[in-house]
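Engineer: Sending over input.cif (mmCIF, C-alpha atoms).
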```cif
data_final
loop_
_atom_site.label_atom_id
_atom_site.label_comp_id
_atom_site.auth_asym_id
_atom_site.auth_seq_id
_atom_site.Cartn_x
_atom_site.Cartn_y
_atom_site.Cartn_z
CA MET A 38 15.85 -28.79 -10.30
CA ALA A 39 12.57 -29.12 -12.19
CA LEU A 40 10.55 -25.94 -12.13
CA PRO A 41 7.03 -26.05 -10.64
CA THR A 42 4.21 -26.26 -13.13
CA ARG A 43 1.35 -25.93 -10.63
CA THR A 44 0.69 -23.46 -7.83
CA ARG A 45 -1.91 -23.06 -5.13
CA ALA A 46 -3.53 -19.62 -5.11
CA ALA A 47 -6.30 -17.73 -3.28
CA ARG A 48 -8.87 -16.89 -5.95
CA MET A 49 -11.90 -14.61 -5.63
CA TYR A 50 -15.11 -15.59 -7.40
CA GLY A 51 -17.28 -12.89 -5.86
CA ALA A 52 -18.21 -11.36 -2.53
CA ARG A 53 -17.29 -13.77 0.31
CA ASP A 54 -16.50 -16.46 -2.24
CA LEU A 55 -12.76 -17.12 -2.02
CA ARG A 56 -11.28 -20.48 -2.95
CA VAL A 57 -7.75 -21.81 -2.62
CA GLU A 58 -7.21 -23.63 -5.89
CA GLU A 59 -4.44 -25.20 -7.91
CA LEU A 60 -3.56 -23.31 -11.07
CA ALA A 61 -0.96 -23.61 -13.81
CA VAL A 62 2.26 -21.63 -13.38
CA PRO A 63 2.65 -19.32 -16.40
CA GLN A 64 5.57 -19.81 -18.74
CA ILE A 65 8.64 -17.69 -18.01
CA GLY A 66 9.59 -15.29 -20.79
CA PRO A 67 13.16 -14.17 -21.44
CA ASP A 68 12.71 -11.04 -19.33
CA ASP A 69 10.62 -12.67 -16.58
CA VAL A 70 11.41 -14.17 -13.19
CA LEU A 71 9.69 -16.92 -11.24
CA VAL A 72 9.25 -16.01 -7.56
CA ALA A 73 8.46 -18.39 -4.71
CA VAL A 74 6.22 -16.10 -2.68
CA ALA A 75 7.14 -15.83 1.01
CA ALA A 76 4.49 -13.33 2.11
CA VAL A 77 1.65 -11.18 0.83
CA GLY A 78 0.28 -8.27 2.83
CA VAL A 79 -3.49 -7.86 3.12
CA CYS A 80 -4.49 -4.43 1.82
CA GLY A 81 -7.77 -2.62 2.36
CA SER A 82 -8.53 -3.17 -1.33
CA ASP A 83 -8.27 -6.95 -0.84
CA MET A 84 -10.68 -6.69 2.08
CA HIS A 85 -13.15 -4.71 -0.06
CA TYR A 86 -12.97 -7.30 -2.85
CA TYR A 87 -13.62 -10.07 -0.34
CA ASP A 88 -16.46 -8.33 1.47
CA ALA A 89 -18.27 -6.71 -1.46
CA GLY A 90 -16.82 -8.22 -4.64
CA ARG A 91 -15.57 -4.80 -5.65
CA ASN A 92 -13.18 -2.01 -4.71
CA GLY A 93 -14.42 1.39 -5.82
CA LEU A 94 -15.29 1.14 -9.51
CA ASN A 95 -13.42 -2.14 -10.02
CA VAL A 96 -15.61 -5.23 -9.80
CA VAL A 97 -14.72 -8.94 -9.64
CA ARG A 98 -16.31 -10.20 -12.87
CA GLN A 99 -14.24 -13.37 -13.27
CA PRO A 100 -12.19 -15.55 -10.90
CA THR A 101 -9.15 -13.49 -9.88
CA VAL A 102 -6.20 -14.19 -7.59
CA LEU A 103 -6.01 -11.44 -4.95
CA GLY A 104 -3.00 -9.64 -3.50
CA HIS A 105 -0.37 -7.13 -4.57
CA GLU A 106 1.98 -6.66 -1.58
CA ALA A 107 4.50 -9.45 -2.06
CA ALA A 108 8.04 -10.59 -1.38
CA GLY A 109 9.81 -13.85 -2.05
CA VAL A 110 12.77 -15.60 -3.62
CA VAL A 111 13.61 -15.80 -7.33
CA ILE A 112 13.90 -19.49 -8.21
CA ALA A 113 14.19 -19.11 -12.01
CA ALA A 114 14.99 -16.25 -14.33
CA GLY A 115 14.68 -15.60 -18.06
CA THR A 116 17.77 -15.35 -20.20
CA THR A 117 17.68 -11.55 -20.47
CA SER A 118 16.23 -10.76 -17.03
CA GLY A 119 19.53 -9.89 -15.39
CA VAL A 120 18.32 -11.33 -12.08
CA ALA A 121 20.19 -14.14 -10.33
CA THR A 122 18.30 -17.11 -8.93
CA GLY A 123 18.27 -17.09 -5.15
CA THR A 124 17.76 -13.31 -5.01
CA ARG A 125 15.28 -12.26 -2.33
CA VAL A 126 12.97 -9.59 -3.73
CA ALA A 127 10.07 -7.26 -3.08
CA VAL A 128 7.60 -7.25 -5.96
CA GLU A 129 6.33 -4.00 -7.47
CA PRO A 130 2.84 -4.89 -8.70
CA ALA A 131 2.20 -2.07 -11.17
CA VAL A 132 4.97 -0.93 -13.52
CA GLY A 133 2.93 0.45 -16.42
CA CYS A 134 3.13 -0.57 -20.05
CA GLY A 135 6.58 1.03 -20.33
CA THR A 136 6.03 2.42 -23.83
CA CYS A 137 3.30 5.08 -23.70
CA PRO A 138 4.16 8.80 -23.35
CA THR A 139 3.16 8.76 -19.66
CA CYS A 140 5.50 5.87 -18.87
CA ARG A 141 8.30 7.43 -20.92
CA GLU A 142 7.93 10.55 -18.79
CA GLY A 143 8.60 8.36 -15.75
CA ARG A 144 5.05 8.54 -14.41
CA TYR A 145 4.21 4.90 -14.93
CA ASN A 146 1.93 4.87 -11.87
CA ILE A 147 -0.68 6.72 -13.94
CA CYS A 148 -0.19 4.76 -17.15
CA PRO A 149 -3.56 4.88 -18.97
CA VAL A 150 -3.35 1.22 -20.01
CA GLY A 151 -1.36 -0.17 -17.09
CA THR A 152 -2.50 -3.07 -14.93
CA CYS A 153 -1.83 -3.96 -11.31
CA LEU A 154 -1.41 -7.42 -9.82
CA GLY A 155 -4.47 -8.37 -7.83
CA SER A 156 -6.68 -5.71 -9.43
CA PRO A 157 -9.35 -7.67 -11.34
CA PRO A 158 -9.12 -9.08 -13.90
CA THR A 159 -5.31 -9.22 -13.40
CA ASP A 160 -4.29 -12.11 -11.15
CA GLY A 161 -2.38 -11.14 -8.03
CA THR A 162 0.26 -12.43 -5.66
CA MET A 163 -1.59 -14.66 -3.16
CA SER A 164 -0.03 -17.70 -4.77
CA GLU A 165 2.83 -20.07 -4.03
CA TYR A 166 4.57 -19.10 -7.27
CA LEU A 167 4.43 -15.90 -9.28
CA VAL A 168 5.80 -14.94 -12.70
CA VAL A 169 6.52 -11.23 -13.16
CA PRO A 170 8.71 -9.05 -15.40
CA ALA A 171 12.24 -8.56 -14.10
CA ARG A 172 11.62 -4.82 -13.84
CA SER A 173 8.97 -5.58 -11.20
CA VAL A 174 11.39 -7.00 -8.63
CA HIS A 175 13.69 -5.17 -6.23
CA ALA A 176 16.46 -6.99 -4.38
CA LEU A 177 16.19 -7.01 -0.60
CA PRO A 178 19.31 -6.37 1.49
CA GLU A 179 20.32 -8.86 4.17
CA SER A 180 18.91 -6.61 6.88
CA ILE A 181 15.33 -7.06 5.63
CA ASP A 182 13.67 -10.41 6.30
CA THR A 183 11.87 -11.88 3.29
CA VAL A 184 8.44 -11.96 4.96
CA THR A 185 8.92 -8.42 6.24
CA GLY A 186 9.85 -7.44 2.68
CA ALA A 187 6.18 -7.67 1.73
CA MET A 188 5.78 -4.36 3.58
CA ILE A 189 8.00 -2.54 1.08
CA GLU A 190 4.98 -2.10 -1.21
CA PRO A 191 2.79 -0.22 1.31
CA LEU A 192 5.88 1.69 2.43
CA ALA A 193 6.37 2.78 -1.20
CA VAL A 194 2.81 4.16 -1.08
CA ALA A 195 3.81 6.21 1.99
CA VAL A 196 7.06 7.36 0.37
CA TRP A 197 5.20 8.58 -2.71
CA ALA A 198 2.53 10.28 -0.57
CA VAL A 199 5.17 12.21 1.38
CA GLN A 200 6.94 13.16 -1.84
CA ARG A 201 3.67 14.37 -3.39
CA ALA A 202 2.96 16.29 -0.18
CA GLN A 203 6.39 17.94 -0.42
CA VAL A 204 7.10 17.50 3.27
CA ARG A 205 10.19 19.47 4.23
CA VAL A 206 12.49 19.96 7.22
CA GLY A 207 10.67 21.71 10.05
CA HIS A 208 7.17 21.10 8.74
CA ARG A 209 4.16 20.52 10.96
CA VAL A 210 2.18 17.62 9.49
CA LEU A 211 -1.34 16.33 10.12
CA ILE A 212 -2.06 12.74 9.08
CA THR A 213 -5.71 11.69 9.09
CA GLY A 214 -5.98 7.94 9.65
CA SER A 215 -3.65 5.84 11.77
CA GLY A 216 -3.88 2.64 9.78
CA PRO A 217 -0.85 1.01 8.13
CA ILE A 218 -0.39 3.69 5.45
CA GLY A 219 -0.81 6.53 7.93
CA ILE A 220 1.70 5.01 10.33
CA LEU A 221 4.19 4.36 7.54
CA ALA A 222 3.66 7.89 6.22
CA ALA A 223 4.37 9.28 9.68
CA GLN A 224 7.73 7.53 9.74
CA VAL A 225 8.60 8.74 6.25
CA ALA A 226 7.53 12.30 7.10
CA ARG A 227 9.75 12.20 10.17
CA ALA A 228 12.65 10.98 8.01
CA ALA A 229 11.93 13.88 5.64
CA GLY A 230 12.40 16.32 8.50
CA ALA A 231 8.92 16.96 9.90
CA THR A 232 9.22 18.17 13.49
CA GLU A 233 5.56 17.78 14.50
CA ILE A 234 3.30 14.93 13.37
CA VAL A 235 -0.31 14.92 14.57
CA MET A 236 -2.33 11.80 13.76
CA THR A 237 -6.06 11.20 13.96
CA ASP A 238 -8.26 8.11 14.04
CA VAL A 239 -11.38 6.77 15.75
CA ASN A 240 -9.57 3.72 17.17
CA ASP A 241 -7.63 4.16 20.41
CA ASP A 242 -5.48 1.06 19.81
CA ARG A 243 -4.22 2.43 16.53
CA LEU A 244 -3.63 5.86 18.03
CA ALA A 245 -1.57 4.31 20.81
CA MET A 246 0.43 2.44 18.17
CA ALA A 247 0.91 5.67 16.20
CA LEU A 248 2.66 7.25 19.18
CA THR A 249 5.22 4.44 19.14
CA PHE A 250 5.89 5.07 15.44
CA GLY A 251 6.72 8.76 15.65
CA ALA A 252 3.48 10.69 16.09
CA THR A 253 4.01 13.62 18.44
CA ARG A 254 0.30 13.89 19.23
CA VAL A 255 -2.84 11.86 18.52
CA ILE A 256 -6.51 12.81 18.44
CA ASN A 257 -9.51 10.50 18.54
CA THR A 258 -11.88 12.44 16.30
CA ALA A 259 -14.84 10.30 17.35
CA ARG A 260 -14.87 12.11 20.69
CA ASP A 261 -12.39 15.00 20.56
CA GLU A 262 -12.31 18.20 18.51
CA LEU A 263 -9.69 18.54 15.79
CA ASP A 264 -8.09 21.52 17.54
CA VAL A 265 -5.11 21.89 15.22
CA THR A 266 -4.25 25.01 13.25
CA GLY A 267 -1.48 26.26 11.02
CA VAL A 268 -0.11 22.94 9.80
CA ASP A 269 2.12 22.95 6.74
CA ARG A 270 0.95 19.67 5.26
CA VAL A 271 -2.01 17.28 5.52
CA LEU A 272 -1.85 13.68 4.37
CA GLU A 273 -5.40 12.34 4.15
CA CYS A 274 -5.22 8.55 4.59
CA THR A 275 -8.80 7.61 5.52
CA GLY A 276 -10.71 7.98 2.25
CA VAL A 277 -13.53 9.58 4.26
CA PRO A 278 -14.60 12.89 2.65
CA THR A 279 -15.62 14.54 5.93
CA ALA A 280 -12.19 13.78 7.39
CA ALA A 281 -10.52 15.41 4.40
CA TRP A 282 -12.69 18.52 4.42
CA SER A 283 -12.23 19.14 8.16
CA ALA A 284 -8.48 18.61 7.82
CA ILE A 285 -8.29 21.25 5.07
CA THR A 286 -9.29 23.94 7.56
CA THR A 287 -6.24 23.18 9.72
CA VAL A 288 -3.77 24.14 6.98
CA LYS A 289 -1.88 27.41 7.06
CA PRO A 290 -2.05 29.80 4.08
CA GLY A 291 0.00 28.42 1.21
CA GLY A 292 0.00 24.89 2.63
CA ARG A 293 -0.75 21.61 0.89
CA VAL A 294 -3.28 18.78 1.33
CA THR A 295 -2.58 15.41 -0.27
CA VAL A 296 -5.33 12.81 -0.77
CA VAL A 297 -3.77 9.39 -0.18
CA GLY A 298 -6.65 7.14 0.91
CA GLN A 299 -9.00 5.57 -1.65
CA ALA A 300 -11.23 8.45 -2.71
CA ALA A 301 -14.93 8.11 -3.36
CA PRO A 302 -15.93 8.41 -7.06
CA ALA A 303 -17.52 11.81 -6.37
CA VAL A 304 -17.93 13.90 -3.23
CA ASP A 305 -19.69 17.07 -2.16
CA GLY A 306 -18.67 19.58 0.46
CA LEU A 307 -15.19 20.50 -0.78
CA PRO A 308 -14.36 23.93 0.77
CA LEU A 309 -13.16 25.27 -2.56
CA ALA A 310 -13.50 28.93 -1.61
CA PHE A 311 -11.30 28.35 1.47
CA LEU A 312 -8.68 26.62 -0.68
CA GLN A 313 -8.72 29.49 -3.14
CA ARG A 314 -8.67 32.26 -0.53
CA TYR A 315 -5.52 30.88 1.09
CA GLU A 316 -3.95 29.31 -2.02
CA ILE A 317 -3.87 25.88 -0.41
CA ASP A 318 -2.81 23.20 -2.86
CA LEU A 319 -5.05 20.11 -3.05
CA VAL A 320 -3.19 17.25 -4.70
CA THR A 321 -3.60 13.49 -4.99
CA ALA A 322 -1.29 10.50 -4.75
CA PHE A 323 -1.83 7.27 -6.68
CA ARG A 324 0.35 4.27 -5.89
CA TYR A 325 3.96 5.35 -6.52
CA ALA A 326 6.65 5.78 -9.14
CA HIS A 327 10.31 4.93 -8.54
CA ALA A 328 9.61 4.70 -4.79
CA PHE A 329 10.72 1.13 -4.04
CA PRO A 330 14.47 1.91 -3.86
CA THR A 331 13.80 4.76 -1.43
CA ALA A 332 11.51 2.56 0.67
CA ILE A 333 14.16 -0.16 0.88
CA ALA A 334 16.86 2.38 1.76
CA LEU A 335 14.74 3.88 4.56
CA VAL A 336 14.25 0.46 6.14
CA GLU A 337 17.89 -0.54 5.71
CA SER A 338 19.04 2.70 7.36
CA GLY A 339 16.74 2.17 10.34
CA ALA A 340 14.75 5.33 9.62
CA VAL A 341 11.55 3.31 9.11
CA ASP A 342 10.38 0.24 11.04
CA ILE A 343 8.21 -2.09 8.96
CA GLU A 344 8.67 -5.25 11.02
CA ARG A 345 6.37 -4.08 13.83
CA VAL A 346 3.69 -3.13 11.34
CA ILE A 347 3.01 -6.85 10.79
CA THR A 348 0.63 -7.98 13.53
CA GLY A 349 -0.60 -11.31 12.18
CA ARG A 350 0.45 -14.18 9.89
CA PHE A 351 -1.83 -16.66 8.13
CA ALA A 352 -1.25 -19.70 5.93
CA LEU A 353 -2.50 -19.60 2.34
CA ALA A 354 -5.29 -22.01 3.29
CA ASP A 355 -6.49 -19.39 5.81
CA THR A 356 -6.56 -16.45 3.41
CA ALA A 357 -10.27 -15.82 4.06
CA LYS A 358 -9.49 -15.49 7.77
CA ALA A 359 -6.64 -13.11 6.99
CA LEU A 360 -8.96 -10.91 4.91
CA GLN A 361 -11.36 -10.61 7.84
CA ALA A 362 -8.82 -10.34 10.66
CA PRO A 363 -8.37 -6.53 10.67
CA VAL A 364 -12.16 -6.08 10.80
CA LEU A 365 -12.71 -8.62 13.57
CA ASP A 366 -9.72 -7.27 15.53
CA PRO A 367 -9.18 -3.55 14.76
CA SER A 368 -5.96 -3.55 16.78
CA HIS A 369 -4.31 -5.24 13.79
CA LEU A 370 -2.18 -3.07 11.54
CA LYS A 371 -1.02 -5.45 8.81
CA VAL A 372 -1.63 -9.17 8.46
CA VAL A 373 0.23 -11.26 5.91
CA VAL A 374 -0.49 -14.48 4.09
CA THR A 375 2.54 -16.79 3.80
CA PRO A 376 2.15 -18.97 0.69
CA MET A 377 5.74 -20.23 0.19
CA PRO A 378 5.65 -24.01 -0.31
CA LYS A 379 7.93 -26.29 1.69
CA GLY A 380 11.31 -26.77 0.11
CA ALA A 381 11.12 -23.64 -2.06
#
```
Show me, as structure tokens, the structure contained in the file I just sent.
Structural biologist:
Amino acid sequence: MALPTRTRAARMYGARDLRVEELAVPQIGPDDVLVAVAAVGVCGSDMHYYDAGRNGLNVVRQPTVLGHEAAGVVIAAGTTSGVATGTRVAVEPAVGCGTCPTCREGRYNICPVGTCLGSPPTDGTMSEYLVVPARSVHALPESIDTVTGAMIEPLAVAVWAVQRAQVRVGHRVLITGSGPIGILAAQVARAAGATEIVMTDVNDDRLAMALTFGATRVINTARDELDVTGVDRVLECTGVPTAAWSAITTVKPGGRVTVVGQAAPAVDGLPLAFLQRYEIDLVTAFRYAHAFPTAIALVESGAVDIERVITGRFALADTAKALQAPVLDPSHLKVVVTPMPKGA
């Protein structure tokens, strides 16, 4: 079968300027694979790029294909890739350079020169076809549907967050933010042995959903007091400084707070004296390292449900609608774009 040489892709030119265009499919190197993309999850970062032309400090300065949460089917593989064609895979979008001291230490998620698919100027996964290094793909078991496999990437974020938080058996955990990452983190924390999981948000629909995913209690902080004390761990998944600082005061002496949501470049109001007085650890989590196998295993075992996290599906031609859907309908958790061409 002749390999495709052209692919349709959703390309950002600037704020609110997204175009579905036809691009050339890159050449496959000996250690690369060509993936027919079945689904791409819409992340908050994608929504920021669409709405404002930037996400944090990263700005769209040239046309860039969006997306980094992908799964699909390998339709061609390089001679040294070690991957069989026909393999269904989840794609890990950021694997580091692989050669610097940080990568060699196994911490490739914080590689100083690493890139991430869909983070401008690096083209992403909202494309019919995608060429990536073989080390970026993880085989999906039969129990995980290919479209659902796109949720392995955000689940890996949750896995890494829980690992960084050092959640243990019997812990009481507070998770601020009941969006997709918060809900996935709740499931992972429960699998890690947490016996109490309190979740906050300002959206009642999401809080109701959180209860079905393992939260033992929910609090709408837009109207109710955060009356929680003595928790072992906090996972801050909102990116809102005031939410983080108020959550810190709920932690017991010697506890740990982990910043998971996209942090602002600089913030004021950190209760540093409180942290010091009670030796509360404040740590951060950035993407993940070596978390995809654990994420896949958690889904395969039934410990984590990612299928229900998907609440909407859009064709590639409707990518702009997909990027706006969670804002227009806050009851959405995750929407996916389904680029796979017919016959792939």
Engineer: Pick out the closest residue to Gln313 in chain A from this set: A:Val168, A:Ile285, A:Ala108, A:Val372. Count all atoms listed in the file.
Structural biologist: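 Ranked by minimum distance to Gln313 in chain A, first place goes to A:Ile285.
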Engineer: Could you check which of A:Cys137, A:Phe311, A:Gly161, A:Leu319 is closest to Gly104 in chain A, using all atoms listed in the file?
Structural biologist: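 Using all atoms listed in the file, the shortest distance to Gly104 in chain A belongs to A:Gly161.
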Engineer: Under the rule that all atoms listed in the file are counted, which of A:Arg205, A:Arg53, A:Arg350, A:Arg314 is the nearest residue to Ala187 in chain A?
Structural biologist: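 The shortest atom-to-atom distance to Ala187 in chain A comes from A:Arg350.
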Engineer: What residues come out when you apply the PyMOL selection byres ((chain A and resi 234-241) around 10) to this file, written as a PyMOL selection string?
Structural biologist: chain A and resi 208-216+219-220+223-224+226-227+231-233+242-248+251-261+263+265+268+270-275+280+284+367-368
Engineer: Please dump the current selection as a compact mmCIF listing (two decimals), in the frame of the given file; keep C-alpha atoms.
Structural biologist:
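What ended up in out-v3.txt:
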```
# COMPACT_ATOMS: atom_id res chain seq x y z
CA HIS A 208 7.17 21.10 8.74
CA ARG A 209 4.16 20.52 10.96
CA VAL A 210 2.18 17.62 9.49
CA LEU A 211 -1.34 16.33 10.12
CA ILE A 212 -2.06 12.74 9.08
CA THR A 213 -5.71 11.69 9.09
CA GLY A 214 -5.98 7.94 9.65
CA SER A 215 -3.65 5.84 11.77
CA GLY A 216 -3.88 2.64 9.78
CA GLY A 219 -0.81 6.53 7.93
CA ILE A 220 1.70 5.01 10.33
CA ALA A 223 4.37 9.28 9.68
CA GLN A 224 7.73 7.53 9.74
CA ALA A 226 7.53 12.30 7.10
CA ARG A 227 9.75 12.20 10.17
CA ALA A 231 8.92 16.96 9.90
CA THR A 232 9.22 18.17 13.49
CA GLU A 233 5.56 17.78 14.50
CA ASP A 242 -5.48 1.06 19.81
CA ARG A 243 -4.22 2.43 16.53
CA LEU A 244 -3.63 5.86 18.03
CA ALA A 245 -1.57 4.31 20.81
CA MET A 246 0.43 2.44 18.17
CA ALA A 247 0.91 5.67 16.20
CA LEU A 248 2.66 7.25 19.18
CA GLY A 251 6.72 8.76 15.65
CA ALA A 252 3.48 10.69 16.09
CA THR A 253 4.01 13.62 18.44
CA ARG A 254 0.30 13.89 19.23
CA VAL A 255 -2.84 11.86 18.52
CA ILE A 256 -6.51 12.81 18.44
CA ASN A 257 -9.51 10.50 18.54
CA THR A 258 -11.88 12.44 16.30
CA ALA A 259 -14.84 10.30 17.35
CA ARG A 260 -14.87 12.11 20.69
CA ASP A 261 -12.39 15.00 20.56
CA LEU A 263 -9.69 18.54 15.79
CA VAL A 265 -5.11 21.89 15.22
CA VAL A 268 -0.11 22.94 9.80
CA ARG A 270 0.95 19.67 5.26
CA VAL A 271 -2.01 17.28 5.52
CA LEU A 272 -1.85 13.68 4.37
CA GLU A 273 -5.40 12.34 4.15
CA CYS A 274 -5.22 8.55 4.59
CA THR A 275 -8.80 7.61 5.52
CA ALA A 280 -12.19 13.78 7.39
CA ALA A 284 -8.48 18.61 7.82
CA PRO A 367 -9.18 -3.55 14.76
CA SER A 368 -5.96 -3.55 16.78
```
Engineer: What is the CA of Val341 in chain A to CA of Ala228 in chain A distance in Å?
Structural biologist: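 If I compute the distance from CA of Val341 in chain A to CA of Ala228 in chain A, I get 7.8 Å.
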Engineer: To one decimal in Å, tell me the separation between CA of Ala362 in chain A and CA of Thr375 in chain A.
Structural biologist: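 For CA of Ala362 in chain A relative to CA of Thr375 in chain A, the distance reads 14.8 Å.
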Engineer: Centre and edge lengths of an axis-aligned box around all listed atoms of range 172-191 of chain A, with 5 Å added on each side, are to be given in Å to one decimal, as JSON.
Structural biologist:
```
{"center_x": 11.6, "center_y": -6.1, "center_z": -3.5, "size_x": 27.5, "size_y": 21.7, "size_z": 30.7}
```
Engineer: Once you count only C-alpha atoms, which residues end up no further than 6 Å from (15.7, 16.6, 8.0) in the file's frame, shown as a JSON list (two decimals) with C-alpha atoms, in the coordinates of the input?
Structural biologist:
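File selection_17.json, as written:
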```json
[["chain", "number", "residue", "atom", "x", "y", "z"],
["A", 206, "VAL", "CA", 12.49, 19.96, 7.22],
["A", 229, "ALA", "CA", 11.93, 13.88, 5.64],
["A", 230, "GLY", "CA", 12.40, 16.32, 8.50]]
```
Engineer: Leaving out Pro302 in chain A and any residue of its chain fewer than 5 positions from it, which residues lie within 12 Å of it when counting all atoms listed in the file, given as a PyMOL selection string?
Structural biologist: chain A and resi 92-95+276-278
Engineer: If the PyMOL selection byres ((chain A and resi 121) around 12) were run on this exact file, what residues would it hold? Put them as a PDB file with C-alpha atoms, in the coordinates of the input.
Structural biologist:
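The file below, selection09.pdb, is the result:
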```
ATOM      1  CA  ASP A  69      10.620 -12.670 -16.580  1.00  0.00           C
ATOM      2  CA  VAL A  70      11.410 -14.170 -13.190  1.00  0.00           C
ATOM      3  CA  LEU A  71       9.690 -16.920 -11.240  1.00  0.00           C
ATOM      4  CA  VAL A  72       9.250 -16.010  -7.560  1.00  0.00           C
ATOM      5  CA  VAL A 110      12.770 -15.600  -3.620  1.00  0.00           C
ATOM      6  CA  VAL A 111      13.610 -15.800  -7.330  1.00  0.00           C
ATOM      7  CA  ILE A 112      13.900 -19.490  -8.210  1.00  0.00           C
ATOM      8  CA  ALA A 113      14.190 -19.110 -12.010  1.00  0.00           C
ATOM      9  CA  ALA A 114      14.990 -16.250 -14.330  1.00  0.00           C
ATOM     10  CA  GLY A 115      14.680 -15.600 -18.060  1.00  0.00           C
ATOM     11  CA  THR A 116      17.770 -15.350 -20.200  1.00  0.00           C
ATOM     12  CA  THR A 117      17.680 -11.550 -20.470  1.00  0.00           C
ATOM     13  CA  SER A 118      16.230 -10.760 -17.030  1.00  0.00           C
ATOM     14  CA  GLY A 119      19.530  -9.890 -15.390  1.00  0.00           C
ATOM     15  CA  VAL A 120      18.320 -11.330 -12.080  1.00  0.00           C
ATOM     16  CA  THR A 122      18.300 -17.110  -8.930  1.00  0.00           C
ATOM     17  CA  GLY A 123      18.270 -17.090  -5.150  1.00  0.00           C
ATOM     18  CA  THR A 124      17.760 -13.310  -5.010  1.00  0.00           C
ATOM     19  CA  ARG A 125      15.280 -12.260  -2.330  1.00  0.00           C
ATOM     20  CA  VAL A 126      12.970  -9.590  -3.730  1.00  0.00           C
ATOM     21  CA  ALA A 171      12.240  -8.560 -14.100  1.00  0.00           C
ATOM     22  CA  VAL A 174      11.390  -7.000  -8.630  1.00  0.00           C
ATOM     23  CA  HIS A 175      13.690  -5.170  -6.230  1.00  0.00           C
ATOM     24  CA  ALA A 176      16.460  -6.990  -4.380  1.00  0.00           C
TER      25      ALA A 176
END
```
Engineer: Using only C-alpha atoms, which of the listed residues (A:Gly66, A:Pro170, A:Gly78, A:Gly298) sits closest to Leu353 in chain A?
Structural biologist: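 Closest candidate: A:Gly78.
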Engineer: Which residues fall under the PyMOL selection byres ((chain A and resi 346) around 8) in this file, as a ChimeraX atom specification?
Structural biologist: /A:217,342-345,347-348,370-371
Engineer: For those residues, write C-alpha atoms to a file as a CSV table (one decimal), keeping the file's coordinate frame.
Structural biologist:
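As written to disk, again12.csv reads:
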```
chain,number,residue,atom,x,y,z
A,217,PRO,CA,-0.8,1.0,8.1
A,342,ASP,CA,10.4,0.2,11.0
A,343,ILE,CA,8.2,-2.1,9.0
A,344,GLU,CA,8.7,-5.2,11.0
A,345,ARG,CA,6.4,-4.1,13.8
A,347,ILE,CA,3.0,-6.8,10.8
A,348,THR,CA,0.6,-8.0,13.5
A,370,LEU,CA,-2.2,-3.1,11.5
A,371,LYS,CA,-1.0,-5.4,8.8
```
Engineer: Just the residues within 7 Å of Glu59 in chain A, please, counting all atoms listed in the file, with nothing from its chain fewer than 6 positions along; format it as a JSON list (two decimals) with C-alpha atoms, in the coordinates of the input.
Structural biologist:
```
[["chain", "number", "residue", "atom", "x", "y", "z"],
["A", 43, "ARG", "CA", 1.35, -25.93, -10.63],
["A", 44, "THR", "CA", 0.69, -23.46, -7.83],
["A", 45, "ARG", "CA", -1.91, -23.06, -5.13],
["A", 46, "ALA", "CA", -3.53, -19.62, -5.11]]
```
